[in-house]
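Enquirer: Dropping a structure here in structure tokens format, bear with me for questions.
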Amino acid sequence: MINVTKRNGKIEPLDLYKFHKVTSWACEGFTGVSESLIELKSNVQFYDKIKTKDIHETLIKASAELISEDTPNYQYVASRLINANLRKEIYNSQEPIDLYNHIENVVNEGYYDNSILKNYDKNDIDWLNKQIDHSRDYNIAYAGMEQFRGKYLVKNRATKKYYETPQMAFMLIAMTLFQRYSKEIRLKYVKDFYDAISNFEISLPTPIMAGLRTPQRQFSSCVLIEAGDSLDSIIAASSSIIKYVSQKAGIGIGAGSIRAVGSQVRKGDATSEGNIPYYKLFQSATKSCSQGGVRGGSATIHTVFWHAEIEDLLVLKNNKGTDETRVRNMDYSIQFNKVMYERLLSNGNITLFCPHDVPDLYESFFIDVDKFRELYTKYENDVNIKKKSVPAIDLFSIFIQERKDTGRIYLQNVDHANDHGSFIKDIAPIRQSNLCQEVDLPTKPLNSLFDPSGEISLCTLSAINWGKIKHPKDFERLCNLSVRALDELLDYQNYPIVAAQLSTYNRRPLGIGIINLAYWLAKNDLTYQNITKEGLQKIHEYAEAWSYYLIKASVDLASEKEACNLSNQTKYSMGIMPIDTYKKEVDELVDPIYYMDWDNLKSIAKQFGIRNSTLMALMPAETSAQVSNSTNGIEPPRALVSIKTSKDGVLKQVVPGVRRLKNKYDLLWDQKSPEGYLKICAVLQKFIDQGISVNTSYNPKFYENEELPLSELIKHIIMFYKYGGKQLYYFNTNDSAGEIQLDKDELEDDENCDSCTI
């Protein structure tokens, strides 16, 4: 006789009826699935005292392996089995315990913040218990449930013991966010926000999903740290990186002002060893903490295109050269403005300077293109200034080649980031972006870790699921909830560095993005590659409403509470909206027709200011897209069934609505060029006060000899600039088009940028 070991350690005889019953229950109500096929696929090797938990996990794996575009419902069979496993472990039953007892138990274990029980009485919690719909756990597909198990659910990461199920997590997140609201309105906002996140109308980033409701109190996804041109500032930046990497944040580093190799130090008492030693220091700081197994430390360094060391800095990621001349474990964003493109288009030269020798040139680079051009020409003609002149086409070619070969050399157009940003650039210029290239916030170098005059910018993220939107008016409720929730988070969280706390309290920046755009396009019979003017017009209409309602929510909050302390440093406080500052070349793509009452909003903004100095940013959304079974951010899917890799294994995810919309989806590697995608980004950017993580993707099979011509890549970079693009993120190449789906190029690694994806 074969015995099994139950979860409580009890030994009892194997009951095959129970085995079949579990499989039958998991398949009940789903079409296109077979319980016998799952059992056959599982090939369970029963042995004496086998753990029932191991049997269950084998069934989960078998169900997951059967997921395909023709049999998508296996993703819900596998999910149902995971949920059953969790409930058995956490509640010792398929029925969750009541909310009050649950909170009390987990607070006593030390895994929930005890402020929850201090701010809600038992009557409040009993009412909220009735609002939880535990059946929504079964709406989460397999990939999402694995992300919950791997990253989001509160657990002891050493013993792997779980303390909650998804619906409990969603409710506790909502309760934590709105606990400081007055009793008259608090429960309504908790319920509304719970409904919005548990129905996947709003998506939240990993720091919030994994940490909010626990004693941990740092939830900003993106941290922007600028290093000045002094040892004290570089050391302070390095220390700040360590502080925030340990708090699970992705890091953007501004390093463009660090003097070049050979430059004088202390009036010639010494000479600089250049940027590479300091980049290595930043790399060590970034990789110093494993972040509890949730994610590894990641950083992007920003520097100007005309830096004296740029030819060496551009190749820091490539595999040639020695370790002494390479810094490969970070990504790099190269900063341009209009003058750089003018030199390229006129077949001119780029002159390289040490920023220390031309400090006014460095400052004007971000603020005033005309002033920069004037100074740039002046210093080119100054025989006393050390310089080097390089043909613009040669330098652009190196940049593009490195971007193509590594995929991780990015671009920032600093003039667009400032001209079409929310800040008054003379007062609060943008001098860098973040890890994933969607955040544009002011920074100032620190002279020490405790320097209150420096500025570290944090951005707190979420996204709205366009796949749930049927009419532009639908954005109003979700935008209001998103802004209110994230604004509360800014006061709730802790700040390990005073420069970050002061900046956040003074500016209160948010970044609310988009997920599931590919599904929205498919539902509306629109494509990326062949997007028409009518299609762009529809995107324009929805993006306008999304942007308008986000700004309106923040202006309403300013009138209800107060504006952020530095509201007067924003264009919003002057009644200037994104529709007033966008690059007018976008009008070539779409007519500037508006449906929202912008004039009234401008008037209210001038009267009350704005609560949040920024409101929009389109970030990658890999992990949260899996949780909500959505397509990633604004990206085209690579396949109808994507194979996702993570620290938790290989996961299959099916695009939403696959049976109905199978022939409507425009897949990434079927697109002959990124031009349609770039046009969509241009229309979206019109309404965004920060930036977009814009990727450029190419399938060589559409080019002669399967070679990507340099002229084509330059054309798209210039096109991106023409329409007001701010930042370019990944360069994707399909190196094995047409091969089987499980080839490495169909594997999407959501750890690459998980530090600031949502």
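If you're wondering about the labels, chains in the structure tokens are A, B, ... by order shown, residues count from 1 in each chain, ligands from 1 in order shown.
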Hey, what's within 9 Å of Leu517 in chain A if we count only C-alpha atoms and toss same-chain stuff fewer than 4 positions away? As a list of chain:residue names, please?

Expert: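 So, after excluding close chain neighbours, the residues are A:Asn465, A:Trp466, A:Gly467, A:Leu521, A:Ala522, A:Ser630, A:Thr631, A:Asn632, A:Gly633, A:Ile634, A:Glu635, A:Pro636.
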
Enquirer: Which residues, written as a list in words, have at least one atom at most 10 Å from Pro391 in chain A, with only C-alpha atoms counted and residues fewer than 2 positions away on the same chain left out?

Expert: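 Using only C-alpha atoms, the neighbours found are Arg343, Leu344, Asn347, Gly348, Asn349, Ile350, Thr351, Ser389, Ile393, Asp394, Leu395, Phe396 and Ser397 of chain A.
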
Enquirer: Print the selection's residues with C-alpha atoms to a file, as a compact mmCIF listing (two decimals), in the first residue's frame.

Expert:
# COMPACT_ATOMS: atom_id res chain seq x y z
CA ARG A 343 25.51 68.63 -37.01
CA LEU A 344 24.54 65.18 -38.26
CA ASN A 347 27.39 66.51 -42.35
CA GLY A 348 29.24 68.51 -39.72
CA ASN A 349 31.39 67.62 -36.74
CA ILE A 350 30.67 67.03 -33.06
CA THR A 351 33.20 68.80 -30.87
CA SER A 389 36.43 67.27 -33.26
CA ILE A 393 28.21 60.65 -38.71
CA ASP A 394 31.11 58.69 -37.19
CA LEU A 395 30.01 59.36 -33.62
CA PHE A 396 26.34 58.67 -34.40
CA SER A 397 27.41 55.44 -36.12

Enquirer: Quick one: DSSP strand (DSSP E or B) residues in range 507-700 of chain A, as a list in words?

Expert: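 Matching residues, listed in order: Leu510, Gly511, Ile512, Gly513, Ile514, Ile515, Thr570, Met616, Leu618, Val641, Ser642, Ile643, Lys644, Thr645, Ser646, Gly649, Val650, Leu651, Lys652, Gln653, Val654, Ile692, Val694, Asn695, Thr696, Ser697 and Tyr698 of chain A.
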
Enquirer: May I have the residues within 8 Å of Val33 in chain A as a PyMOL selection string, using only C-alpha atoms and disregarding those fewer than 4 positions away in the same chain?

Expert: chain A and resi 27+71+73-74

Enquirer: I want to know what sits within 10 Å of Arg87 in chain A, based on only C-alpha atoms, with residues of the same chain fewer than 2 positions away left out; could you give that as a PyMOL selection string?

Expert: chain A and resi 82-85+89-97+162-165

Enquirer: For a quick check of understanding, using only C-alpha atoms, which of A:His356, A:Lys552, A:Lys662, A:Lys378 has the smallest distance to Ser482 in chain A?

Expert: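 When distances to Ser482 in chain A are compared using only C-alpha atoms, the smallest one comes from A:Lys552.
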
Enquirer: Check the DSSP output for the backbone and give back, as an NGL selection string, the residues of range 177-338 of chain A in alpha helix (DSSP H).

Expert: :A and (177 or 183-198 or 206-211 or 231-245 or 276-286 or 310-313 or 338)

Enquirer: Please compute the CA of Leu66 in chain A-CA of Met168 in chain A distance, one decimal, in Å.

Expert: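 CA of Met168 in chain A lies at a distance of 29.3 Å from CA of Leu66 in chain A.
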
Enquirer: With only C-alpha atoms as the counted atoms, please give the residues lying no more than 8 Å from Arg259 in chain A, apart from itself and same-chain residues fewer than 3 positions off, as a ChimeraX atom specification.

Expert: /A:229,263,272,274-275,354-356

Enquirer: Write out as a ChimeraX atom specification the residues lying within 8 Å of Gly513 in chain A, counting only C-alpha atoms and excluding same-chain residues fewer than 2 positions away.

Expert: /A:461-464,511,515,616-619,633

Enquirer: Separation of CA of Leu177 in chain A and CA of Gln690 in chain A, in Å?

Expert: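 These atoms are spaced 24.2 Å apart.
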
Enquirer: Can you check which parts of range 180-281 of chain A lie within 12 Å of range 486-507 of chain A? Per residue, the shortest pair of atoms and distance in Å to one decimal, counting only C-alpha atoms, sorted by chain and number, as a tab-separated table.

Expert:
residue	atom	partner	partner_atom	distance
A:Arg180	CA	A:Glu488	CA	8.0
A:Tyr181	CA	A:Glu488	CA	9.0
A:Tyr189	CA	A:Glu488	CA	11.9
A:Phe193	CA	A:Leu486	CA	11.3
A:Ile202	CA	A:Leu486	CA	11.7
A:Ser203	CA	A:Leu486	CA	11.8
A:Leu204	CA	A:Leu486	CA	9.8
A:Pro205	CA	A:Leu486	CA	11.2
A:Pro207	CA	A:Gln493	CA	11.3
A:Ile208	CA	A:Leu489	CA	9.2
A:Gly211	CA	A:Gln493	CA	10.5
A:Leu212	CA	A:Gln493	CA	9.0
A:Arg213	CA	A:Tyr492	CA	10.8
A:Thr214	CA	A:Gln493	CA	11.1
A:Pro215	CA	A:Gln493	CA	10.0
A:Gln216	CA	A:Gln493	CA	8.3
A:Arg217	CA	A:Gln493	CA	4.5
A:Gln218	CA	A:Gln493	CA	5.3
A:Phe219	CA	A:Gln493	CA	6.8
A:Ser220	CA	A:Leu490	CA	8.5
A:Ser221	CA	A:Leu486	CA	11.9
A:Cys222	CA	A:Ala500	CA	11.4
A:Val223	CA	A:Ala500	CA	8.7
A:Leu224	CA	A:Ala500	CA	9.2
A:Ile225	CA	A:Ala500	CA	9.2
A:Glu226	CA	A:Ala499	CA	11.4
A:Ala236	CA	A:Ile497	CA	10.5
A:Ala237	CA	A:Ile497	CA	11.0
A:Ser239	CA	A:Ile497	CA	9.9
A:Ser240	CA	A:Ile497	CA	7.4
A:Ile241	CA	A:Ile497	CA	10.5
A:Ile242	CA	A:Pro496	CA	10.7
A:Lys243	CA	A:Pro496	CA	6.9
A:Tyr244	CA	A:Pro496	CA	7.9
A:Val245	CA	A:Pro496	CA	11.3
A:Ser246	CA	A:Pro496	CA	10.5
A:Gln247	CA	A:Pro496	CA	9.1
